[in-house]
$ cat data.txt   # compact mmCIF, C-alpha atoms
# COMPACT_ATOMS: atom_id res chain seq x y z
CA MET A 1 -1.18 2.61 -107.28
CA LEU A 2 -0.63 4.63 -104.14
CA GLN A 3 0.36 8.25 -104.74
CA THR A 4 3.21 8.51 -102.26
CA ASN A 5 6.95 8.99 -102.39
CA LEU A 6 7.56 5.70 -100.56
CA GLU A 7 8.80 2.57 -102.27
CA HIS A 8 5.70 0.57 -103.25
CA VAL A 9 5.53 -3.15 -102.59
CA GLU A 10 3.80 -4.70 -105.59
CA SER A 11 4.34 -8.43 -105.21
CA GLU A 12 4.74 -11.11 -102.54
CA GLU A 13 8.19 -11.91 -103.91
CA GLN A 14 9.29 -8.30 -103.54
CA LEU A 15 8.07 -8.12 -99.95
CA LYS A 16 9.73 -11.45 -99.05
CA GLU A 17 13.00 -10.24 -100.56
CA LEU A 18 12.86 -6.92 -98.71
CA ILE A 19 12.13 -8.62 -95.40
CA GLU A 20 14.88 -11.20 -95.91
CA ASN A 21 17.51 -8.68 -96.98
CA ASN A 22 16.83 -5.90 -94.46
CA GLU A 23 16.93 -6.10 -90.69
CA LYS A 24 14.30 -3.39 -90.14
CA VAL A 25 11.29 -3.03 -92.42
CA ALA A 26 8.06 -1.09 -91.93
CA VAL A 27 5.16 -1.59 -94.35
CA CYS A 28 2.01 0.55 -94.37
CA CYS A 29 -0.72 -1.32 -96.26
CA GLY A 30 -3.75 0.80 -97.12
CA ARG A 31 -5.54 2.99 -99.64
CA MET A 32 -5.43 6.70 -100.46
CA GLY A 33 -7.91 7.36 -97.65
CA PRO A 34 -8.11 9.72 -94.68
CA MET A 35 -6.77 7.23 -92.15
CA CYS A 36 -3.91 6.00 -94.37
CA ILE A 37 -2.48 9.18 -95.92
CA PRO A 38 -1.19 10.60 -92.61
CA VAL A 39 0.72 7.37 -91.92
CA TYR A 40 2.33 7.35 -95.39
CA ASP A 41 3.30 11.00 -94.85
CA ILE A 42 4.84 10.23 -91.47
CA PHE A 43 6.79 7.34 -93.03
CA GLU A 44 8.09 9.72 -95.72
CA ILE A 45 9.28 12.20 -93.09
CA LEU A 46 10.84 9.54 -90.87
CA GLN A 47 12.77 7.99 -93.79
CA GLY A 48 15.32 10.76 -93.40
CA ASN A 49 15.65 10.28 -89.64
CA TYR A 50 15.97 6.49 -89.68
CA PRO A 51 18.12 5.50 -92.68
CA ASP A 52 18.51 1.96 -91.35
CA ILE A 53 14.77 1.28 -91.66
CA GLN A 54 13.08 0.44 -94.96
CA PHE A 55 9.80 2.37 -95.03
CA LEU A 56 7.42 0.93 -97.62
CA ASP A 57 3.80 1.10 -98.60
CA MET A 58 1.47 -1.39 -100.23
CA ASP A 59 -1.91 -1.03 -101.92
CA PHE A 60 -4.49 -2.88 -99.83
CA ASP A 61 -6.37 -4.00 -102.95
CA ILE A 62 -3.59 -5.74 -104.90
CA PRO A 63 -3.38 -9.55 -104.70
CA ALA A 64 -0.01 -9.39 -102.91
CA ALA A 65 -1.68 -7.63 -99.96
CA ALA A 66 -3.04 -11.06 -99.01
CA MET A 67 0.36 -11.63 -97.45
CA ILE A 68 -0.33 -8.80 -94.98
CA LYS A 69 -4.06 -9.49 -94.54
CA GLY A 70 -3.32 -13.13 -93.78
CA LEU A 71 -0.90 -12.46 -90.94
CA PRO A 72 -2.11 -13.81 -87.58
CA GLU A 73 -1.29 -10.38 -86.10
CA CYS A 74 -3.85 -8.79 -88.48
CA ARG A 75 -6.65 -11.29 -87.96
CA LYS A 76 -8.64 -8.93 -85.75
CA PHE A 77 -7.82 -5.74 -87.64
CA TRP A 78 -10.87 -3.86 -88.94
CA GLY A 79 -9.33 -0.50 -89.64
CA LEU A 80 -7.05 0.79 -92.38
CA PRO A 81 -4.12 1.03 -92.70
CA PHE A 82 -2.51 -2.19 -91.51
CA THR A 83 1.05 -1.26 -90.53
CA ILE A 84 3.54 -4.04 -90.01
CA TYR A 85 7.02 -3.74 -88.54
CA TYR A 86 9.40 -6.60 -89.42
CA ARG A 87 12.69 -7.23 -87.67
CA ASN A 88 15.06 -9.94 -88.87
CA GLY A 89 12.35 -11.33 -91.13
CA LYS A 90 9.70 -11.66 -88.44
CA VAL A 91 6.72 -9.53 -87.50
CA ALA A 92 7.77 -7.49 -84.47
CA LYS A 93 4.63 -5.35 -84.22
CA ALA A 94 1.43 -4.64 -86.14
CA THR A 95 -0.96 -1.72 -85.77
CA SER A 96 -4.39 -1.00 -87.23
CA SER A 97 -5.93 2.35 -88.23
CA ILE A 98 -4.42 5.83 -88.19
CA GLN A 99 -1.34 6.48 -86.05
CA THR A 100 0.17 9.80 -85.03
CA ALA A 101 3.83 10.60 -85.60
CA LYS A 102 4.36 10.16 -81.87
CA GLU A 103 2.76 6.69 -81.95
CA VAL A 104 4.81 5.62 -84.98
CA LYS A 105 8.04 6.88 -83.38
CA SER A 106 7.14 5.08 -80.18
CA VAL A 107 6.68 1.78 -82.05
CA ILE A 108 9.99 2.32 -83.88
CA ASP A 109 11.78 2.94 -80.58
CA GLU A 110 10.11 -0.14 -79.11
CA VAL A 111 10.81 -2.64 -81.87
CA PHE A 112 13.85 -1.30 -83.72
CA ALA A 113 15.96 0.07 -80.85
CA MET B 1 19.68 28.70 -80.91
CA GLN B 2 18.43 28.94 -84.53
CA LYS B 3 16.68 32.14 -85.48
CA TYR B 4 13.95 32.80 -88.04
CA ASP B 5 11.90 35.90 -88.73
CA VAL B 6 8.67 33.94 -88.30
CA ILE B 7 7.76 30.57 -86.84
CA VAL B 8 4.45 29.12 -88.00
CA ILE B 9 3.16 26.38 -85.73
CA GLY B 10 0.84 24.14 -87.74
CA ALA B 11 1.10 23.08 -91.38
CA GLY B 12 -2.55 23.13 -92.42
CA PRO B 13 -4.06 25.59 -94.93
CA ALA B 14 -3.86 28.57 -92.52
CA GLY B 15 -0.21 27.96 -91.67
CA LEU B 16 0.78 27.21 -95.25
CA ALA B 17 -1.03 30.28 -96.61
CA ALA B 18 0.79 32.42 -94.04
CA ALA B 19 4.11 30.78 -94.93
CA ILE B 20 3.60 31.39 -98.66
CA TYR B 21 2.98 35.11 -98.12
CA ILE B 22 5.80 35.62 -95.61
CA SER B 23 8.36 33.65 -97.61
CA ARG B 24 7.44 35.51 -100.78
CA ALA B 25 8.16 38.72 -98.88
CA ALA B 26 11.67 37.30 -98.36
CA PHE B 27 11.44 36.74 -94.61
CA SER B 28 12.86 33.55 -93.19
CA THR B 29 9.98 31.27 -92.24
CA LEU B 30 9.90 27.96 -90.42
CA VAL B 31 6.76 25.81 -90.35
CA ILE B 32 6.60 23.15 -87.68
CA ASP B 33 3.99 20.44 -87.17
CA GLU B 34 3.63 17.38 -84.98
CA SER B 35 2.41 15.48 -88.04
CA SER B 36 2.90 15.96 -91.78
CA ALA B 37 1.82 19.01 -93.77
CA GLY B 38 -1.80 19.52 -94.76
CA GLY B 39 -3.84 19.52 -91.58
CA GLN B 40 -7.36 18.18 -91.93
CA VAL B 41 -7.34 18.85 -95.67
CA LYS B 42 -4.99 15.97 -96.34
CA THR B 43 -7.53 13.60 -94.80
CA THR B 44 -10.44 15.01 -96.80
CA HIS B 45 -11.43 12.69 -99.61
CA GLN B 46 -12.29 15.42 -102.12
CA VAL B 47 -12.50 19.20 -101.92
CA ALA B 48 -15.18 20.61 -104.20
CA ASN B 49 -15.57 24.18 -102.95
CA TYR B 50 -12.05 25.57 -103.06
CA PRO B 51 -12.00 28.31 -105.69
CA GLY B 52 -9.91 27.69 -108.77
CA PHE B 53 -10.58 23.98 -109.13
CA ILE B 54 -13.48 23.29 -111.48
CA GLU B 55 -13.40 19.59 -110.71
CA PRO B 56 -13.03 18.42 -107.09
CA ILE B 57 -9.43 17.96 -106.03
CA ALA B 58 -8.22 15.24 -103.65
CA GLY B 59 -7.52 16.74 -100.25
CA HIS B 60 -4.04 15.24 -100.04
CA GLU B 61 -3.21 16.69 -103.44
CA LEU B 62 -4.35 20.18 -102.46
CA ALA B 63 -2.34 19.92 -99.25
CA ALA B 64 0.76 18.75 -101.13
CA ASN B 65 0.42 21.64 -103.60
CA MET B 66 0.20 24.17 -100.77
CA ARG B 67 3.32 22.75 -99.15
CA LYS B 68 5.26 22.72 -102.43
CA GLN B 69 4.21 26.31 -103.08
CA ALA B 70 5.53 27.38 -99.66
CA GLU B 71 8.78 25.44 -100.22
CA LYS B 72 9.21 27.06 -103.62
CA TYR B 73 9.37 30.47 -101.95
CA GLY B 74 11.86 29.33 -99.33
CA THR B 75 9.77 28.14 -96.38
CA LYS B 76 11.60 25.59 -94.22
CA PHE B 77 9.74 22.72 -92.56
CA LYS B 78 10.26 20.65 -89.45
CA LEU B 79 7.55 17.98 -89.49
CA ALA B 80 6.65 15.07 -87.20
CA VAL B 81 8.23 16.92 -84.28
CA ASP B 82 6.90 17.62 -80.79
CA ILE B 83 7.00 20.96 -79.05
CA THR B 84 8.64 20.03 -75.75
CA ALA B 85 8.94 23.59 -74.40
CA LEU B 86 7.53 26.91 -75.46
CA GLN B 87 8.05 30.54 -74.55
CA LEU B 88 5.53 33.06 -75.85
CA GLY B 89 6.15 36.45 -74.30
CA ASP B 90 5.86 39.99 -75.60
CA GLN B 91 9.65 40.15 -75.80
CA GLU B 92 10.93 36.60 -76.10
CA LYS B 93 9.53 33.82 -78.27
CA TRP B 94 11.04 30.40 -78.78
CA VAL B 95 10.08 26.76 -79.23
CA GLU B 96 11.98 23.65 -78.24
CA LEU B 97 11.51 20.62 -80.48
CA ASP B 98 11.87 16.98 -79.38
CA ASN B 99 13.91 18.08 -76.33
CA GLU B 100 16.73 18.79 -78.75
CA GLU B 101 16.74 22.09 -80.58
CA LYS B 102 15.55 25.56 -79.68
CA ILE B 103 14.33 27.98 -82.32
CA THR B 104 13.53 31.62 -81.81
CA ALA B 105 11.67 34.20 -83.89
CA GLU B 106 10.35 37.71 -83.61
CA PHE B 107 6.87 36.60 -84.69
CA VAL B 108 4.90 33.42 -84.17
CA ILE B 109 1.73 32.36 -85.95
CA ILE B 110 -0.32 29.65 -84.25
CA ALA B 111 -2.22 27.59 -86.83
CA THR B 112 -2.57 24.21 -85.20
CA GLY B 113 -6.21 23.73 -86.21
CA SER B 114 -8.49 21.16 -84.67
CA SER B 115 -8.73 17.37 -84.53
CA PRO B 116 -11.57 14.87 -84.34
CA ARG B 117 -12.77 14.66 -80.76
CA LEU B 118 -12.17 11.41 -78.93
CA LEU B 119 -14.61 10.18 -76.31
CA ASN B 120 -11.71 9.33 -73.99
CA ILE B 121 -13.60 6.50 -72.32
CA PRO B 122 -12.30 3.06 -71.36
CA GLY B 123 -11.83 0.77 -74.33
CA GLU B 124 -11.77 3.46 -77.02
CA LYS B 125 -8.00 3.43 -77.59
CA ASP B 126 -7.66 -0.31 -76.95
CA TYR B 127 -10.03 -1.24 -79.78
CA LYS B 128 -9.09 1.43 -82.33
CA GLY B 129 -8.89 -0.42 -85.63
CA SER B 130 -10.29 -3.64 -84.20
CA GLY B 131 -13.86 -2.65 -83.40
CA VAL B 132 -13.68 1.12 -83.01
CA SER B 133 -13.40 3.27 -86.12
CA TYR B 134 -13.46 6.94 -87.12
CA CYS B 135 -13.83 6.69 -90.90
CA ALA B 136 -16.70 5.20 -92.90
CA THR B 137 -14.87 5.47 -96.22
CA CYS B 138 -11.87 3.61 -94.85
CA ASP B 139 -13.41 0.92 -92.70
CA GLY B 140 -17.07 0.62 -93.77
CA GLU B 141 -16.50 -2.45 -95.93
CA PHE B 142 -15.06 -4.40 -92.97
CA TYR B 143 -18.59 -4.23 -91.53
CA LYS B 144 -20.50 -5.49 -94.58
CA ASP B 145 -23.84 -7.02 -93.51
CA ARG B 146 -23.06 -6.39 -89.87
CA ASP B 147 -24.70 -4.39 -87.11
CA ILE B 148 -22.92 -1.30 -85.88
CA PHE B 149 -23.19 1.71 -83.57
CA VAL B 150 -22.68 5.28 -84.73
CA ILE B 151 -21.88 7.66 -81.90
CA GLY B 152 -22.89 11.28 -82.57
CA GLY B 153 -25.71 13.27 -84.14
CA GLY B 154 -24.00 16.11 -86.00
CA ASN B 155 -23.34 16.56 -89.70
CA SER B 156 -20.33 14.30 -89.87
CA ALA B 157 -22.13 11.52 -87.96
CA MET B 158 -25.10 11.64 -90.34
CA GLU B 159 -23.03 11.96 -93.51
CA GLU B 160 -20.84 9.05 -92.48
CA SER B 161 -23.96 7.05 -91.54
CA LEU B 162 -25.30 7.50 -95.06
CA LEU B 163 -22.10 6.03 -96.40
CA LEU B 164 -22.12 3.18 -93.88
CA LEU B 165 -25.70 2.27 -94.83
CA GLN B 166 -24.32 1.07 -98.18
CA PHE B 167 -22.46 -1.67 -96.32
CA VAL B 168 -24.03 -2.55 -92.99
CA LYS B 169 -27.11 -4.49 -91.93
CA SER B 170 -28.15 -1.99 -89.27
CA ILE B 171 -27.05 1.16 -87.49
CA THR B 172 -27.89 2.12 -83.93
CA VAL B 173 -27.17 5.81 -83.49
CA ILE B 174 -26.32 6.79 -79.93
CA HIS B 175 -26.91 10.49 -79.36
CA GLN B 176 -26.77 12.61 -76.24
CA PHE B 177 -29.73 14.85 -77.12
CA ASP B 178 -33.40 14.33 -78.07
CA LYS B 179 -32.80 15.73 -81.50
CA LEU B 180 -30.12 15.31 -84.15
CA GLN B 181 -27.99 18.40 -84.81
CA ALA B 182 -27.23 17.62 -88.44
CA GLU B 183 -28.80 19.40 -91.42
CA LYS B 184 -32.37 18.27 -92.02
CA ILE B 185 -31.78 16.99 -95.54
CA THR B 186 -29.12 14.54 -94.34
CA THR B 187 -30.94 13.68 -91.12
CA ASP B 188 -34.10 12.79 -93.04
CA LYS B 189 -32.21 10.43 -95.33
CA VAL B 190 -30.74 8.61 -92.34
CA THR B 191 -33.75 8.50 -90.03
CA THR B 192 -36.18 7.30 -92.70
CA ASN B 193 -33.95 4.35 -93.54
CA PRO B 194 -35.44 1.18 -91.98
CA LYS B 195 -31.95 -0.05 -91.09
CA VAL B 196 -31.50 2.82 -88.61
CA ASN B 197 -32.67 3.19 -85.05
CA ILE B 198 -31.68 5.86 -82.56
CA LEU B 199 -30.94 5.68 -78.87
CA TRP B 200 -31.75 9.20 -77.68
CA SER B 201 -30.31 10.96 -74.61
CA HIS B 202 -27.60 8.38 -74.08
CA GLU B 203 -23.85 8.72 -73.84
CA PRO B 204 -21.28 5.93 -74.05
CA ARG B 205 -19.31 5.38 -70.86
CA ALA B 206 -17.15 2.40 -71.84
CA PHE B 207 -16.45 -0.03 -74.66
CA TYR B 208 -15.75 -3.73 -74.12
CA LYS B 209 -15.18 -6.74 -76.28
CA LYS B 210 -17.27 -9.86 -75.73
CA GLU B 211 -16.08 -12.65 -77.98
CA ASN B 212 -16.33 -11.06 -81.45
CA LYS B 213 -18.82 -8.38 -80.46
CA MET B 214 -18.26 -4.83 -79.29
CA VAL B 215 -20.22 -3.87 -76.21
CA VAL B 216 -21.22 -0.28 -75.47
CA GLU B 217 -22.08 0.65 -71.92
CA ALA B 218 -24.31 3.71 -72.33
CA GLU B 219 -25.83 5.98 -69.73
CA ASN B 220 -29.31 7.43 -70.04
CA LEU B 221 -28.69 11.10 -69.32
CA LYS B 222 -32.19 11.60 -67.95
CA THR B 223 -32.37 8.64 -65.58
CA ASN B 224 -28.64 7.91 -65.10
CA LYS B 225 -29.37 4.25 -65.74
CA ARG B 226 -26.75 2.31 -67.65
CA ILE B 227 -27.43 -0.28 -70.31
CA ARG B 228 -25.18 -2.60 -72.28
CA LEU B 229 -25.70 -3.23 -75.97
CA GLU B 230 -23.78 -5.47 -78.37
CA ARG B 231 -22.99 -4.89 -82.02
CA ASP B 232 -20.14 -5.74 -84.40
CA GLY B 233 -18.45 -2.36 -84.44
CA ILE B 234 -18.51 1.25 -83.29
CA PHE B 235 -18.02 4.36 -85.45
CA ILE B 236 -17.37 7.60 -83.57
CA PHE B 237 -18.10 11.07 -85.03
CA VAL B 238 -18.43 13.54 -82.18
CA GLY B 239 -17.04 16.77 -83.54
CA LEU B 240 -13.72 18.52 -83.30
CA VAL B 241 -11.49 19.94 -80.57
CA PRO B 242 -8.93 22.73 -80.95
CA ASN B 243 -5.29 21.66 -80.84
CA SER B 244 -4.38 24.15 -78.12
CA ALA B 245 -3.24 21.94 -75.25
CA PHE B 246 0.36 23.05 -75.81
CA LEU B 247 -0.68 26.66 -75.06
CA LYS B 248 -2.04 25.97 -71.59
CA ASN B 249 1.06 27.13 -69.72
CA THR B 250 1.46 30.30 -71.77
CA PRO B 251 -0.22 33.68 -71.22
CA MET B 252 -2.33 33.08 -74.35
CA GLN B 253 -6.01 33.95 -73.88
CA LEU B 254 -8.24 31.03 -74.80
CA THR B 255 -12.00 30.58 -74.72
CA LYS B 256 -13.44 28.05 -72.30
CA TYR B 257 -13.49 25.58 -75.20
CA GLY B 258 -9.78 26.10 -75.89
CA TYR B 259 -9.95 28.32 -78.98
CA VAL B 260 -7.49 31.23 -79.28
CA ILE B 261 -8.94 34.73 -79.01
CA THR B 262 -7.64 37.22 -81.58
CA ASP B 263 -8.45 40.68 -82.85
CA PRO B 264 -9.63 41.11 -86.47
CA GLN B 265 -5.96 41.28 -87.55
CA MET B 266 -5.43 37.81 -86.03
CA GLU B 267 -3.19 39.11 -83.26
CA THR B 268 -3.56 37.45 -79.87
CA ASN B 269 -3.17 39.07 -76.47
CA ILE B 270 0.60 38.47 -76.79
CA ARG B 271 2.37 41.06 -78.93
CA GLY B 272 3.81 39.47 -82.06
CA VAL B 273 1.87 36.23 -81.68
CA TYR B 274 -0.94 35.61 -84.15
CA ALA B 275 -3.47 32.83 -84.58
CA ALA B 276 -5.10 31.69 -87.82
CA GLY B 277 -7.48 29.00 -89.01
CA ASP B 278 -9.57 26.55 -87.03
CA ILE B 279 -7.66 27.17 -83.79
CA ARG B 280 -9.11 30.68 -83.69
CA ASP B 281 -12.35 31.54 -81.93
CA LYS B 282 -14.71 32.19 -84.83
CA ARG B 283 -17.96 31.03 -86.33
CA HIS B 284 -17.09 29.54 -89.72
CA ARG B 285 -14.37 26.94 -90.24
CA GLN B 286 -13.62 26.20 -93.87
CA ILE B 287 -10.41 25.78 -95.87
CA THR B 288 -11.10 29.14 -97.48
CA THR B 289 -11.60 30.93 -94.15
CA SER B 290 -8.40 29.36 -92.82
CA VAL B 291 -6.47 30.53 -95.86
CA GLY B 292 -7.98 34.00 -95.34
CA ASP B 293 -6.91 34.03 -91.67
CA GLY B 294 -3.40 32.91 -92.58
CA THR B 295 -3.15 35.61 -95.23
CA ILE B 296 -4.26 38.35 -92.83
CA ALA B 297 -1.83 37.19 -90.13
CA ALA B 298 1.00 37.08 -92.68
CA LEU B 299 0.28 40.56 -94.05
CA GLU B 300 0.18 41.96 -90.51
CA VAL B 301 3.54 40.36 -89.75
CA ILE B 302 5.05 41.61 -93.01
CA HIS B 303 3.76 45.10 -92.24
CA LYS B 304 5.34 45.03 -88.78
CA VAL B 305 8.67 43.54 -89.80
$ encode --input "data.txt" --output "structure tokens"
Amino acid sequence: MLQTNLEHVESEEQLKELIENNEKVAVCCGRMGPMCIPVYDIFEILQGNYPDIQFLDMDFDIPAAAMIKGLPECRKFWGLPFTIYYRNGKVAKATSSIQTAKEVKSVIDEVFA
Amino acid sequence: MQKYDVIVIGAGPAGLAAAIYISRAAFSTLVIDESSAGGQVKTTHQVANYPGFIEPIAGHELAANMRKQAEKYGTKFKLAVDITALQLGDQEKWVELDNEEKITAEFVIIATGSSPRLLNIPGEKDYKGSGVSYCATCDGEFYKDRDIFVIGGGNSAMEESLLLLQFVKSITVIHQFDKLQAEKITTDKVTTNPKVNILWSHEPRAFYKKENKMVVEAENLKTNKRIRLERDGIFIFVGLVPNSAFLKNTPMQLTKYGYVITDPQMETNIRGVYAAGDIRDKRHRQITTSVGDGTIAALEVIHKV
């Protein structure tokens, strides 16, 4: 279980439901490691600034994470966390490894504007 | 324009220690940071040498505790914001955040710390997370039974190499000198491992991708000849750089490496502006020394207010 204040995605069904029922969804899939924690923290801070976006996290080692790992956009990812931005049920952007607040905000502006 | 007694720029241990002291003294304190709170501590797996914790504590947990402690005493935070303009004069001090709001204070404490150094060569950013990595703990298992490069020869490079050796088939260390800079005990463990070889006196100049392989173009610093080598991935550990770029257009005195020069009371050459923690020009950089710096800066400010 990830120790964050984000909503945790724990099953494929839950993720599918969240993507289907929300226009803008961002999922950070990782572990409690040095590259992942800063991204979870940034998500937590940005939750207040972007109430229309669902910011979520997901443990990289649970079976449901196969849904993220199996995405074509993540096929060449070799760095945690895998961060996926969904818009209208489809992957709009995916990033690998640590991202700064500026990089995350830039992606949000790009895909959710 | 909003006004606080003290603005602390940087939410690592130095900034948070300063904020705890100043807030407890009942002065209004704002901590700002371009990221979240915790600085480098939050990305440290475990902290085993911080007094008061008999068992190692997770870095992110220690960082969260420091932030909560500051909040408890009334510190306000503005996190994940950019400083888009800055005035640091003897008389006037203000910061502008995200081109939107201006905040002024009588005192400013700079505690922006340092960050892992990037090589800033072609290909590095393009392949971050898909061939280029900065964390053995996080990404080592993606390279199980594969051949990798490690760039660097200092303590972090060797310690991370030891961890990577649990996963990978081989490591080629690329180092700019003829000798590794890391502590001997760690260096010996790495260099005596048959899976390790070292390319001395070379520096990477560019990274490319060739099918599924990462290619390093490296220059021999003695002959200036360039070679190209292929492996499955590249791990970079080449030290730290001070986060002082935002101070370049201020009158702040910096060393040639970008560290802030202070007196023993942490005051800079600008009256009312202090620096604490890893951003400061000093010899030892530990969580405890940062907390000490932040405490001294805070007590000086409290004394002057």
$ interface_residues --input "data.txt" --of "chain A" --to "chain B" --cutoff "12 Å" --atoms "only C-alpha atoms" --output "PyMOL selection string"
chain A and resi 2-5+30-49+60+73-83+94-105
$ residues_around --input "data.txt" --residues "B:Ser244" --least-positions-apart "3" --cutoff "8 Å" --atoms "all atoms listed in the file" --output "PyMOL selection string"
chain B and resi 112+247-248+258-260+279
$ closest_residue --input "data.txt" --among "B:Asn155, B:Ser114, B:Asn49, B:Thr75" --to "B:Ile185" --atoms "only C-alpha atoms"
B:Asn155
$ atom_distance --input "data.txt" --atom1 "atom CA of A:Gln14" --atom2 "atom CA of A:Ala64"
9.4 Å
$ residues_near_point --input "data.txt" --point "(-24.2, 9.5, -77.6)" --cutoff "6 Å" --atoms "only C-alpha atoms" --output "ChimeraX atom specification"
/B:151-152,174-176,202-204
$ residues_around --input "data.txt" --residues "A:Glu20" --least-positions-apart "6" --cutoff "10 Å" --atoms "all atoms listed in the file" --output "compact mmCIF listing (two decimals) with C-alpha atoms, in the coordinates of the input"
# COMPACT_ATOMS: atom_id res chain seq x y z
CA GLN A 14 9.29 -8.30 -103.54
CA TYR A 86 9.40 -6.60 -89.42
CA ARG A 87 12.69 -7.23 -87.67
CA ASN A 88 15.06 -9.94 -88.87
CA GLY A 89 12.35 -11.33 -91.13
CA LYS A 90 9.70 -11.66 -88.44
$ residues_around --input "data.txt" --residues "B:Ala275" --least-positions-apart "6" --cutoff "10 Å" --atoms "all atoms listed in the file" --output "PyMOL selection string"
chain B and resi 8-9+14-15+108-113+259-263+265-268+281+293-294+296-297
$ atom_distance --input "data.txt" --atom1 "atom CA of B:Ile22" --atom2 "atom CA of B:Asp90"
20.5 Å
$ atom_distance --input "data.txt" --atom1 "atom CA of B:Gly74" --atom2 "atom CA of B:Ala17"
13.2 Å
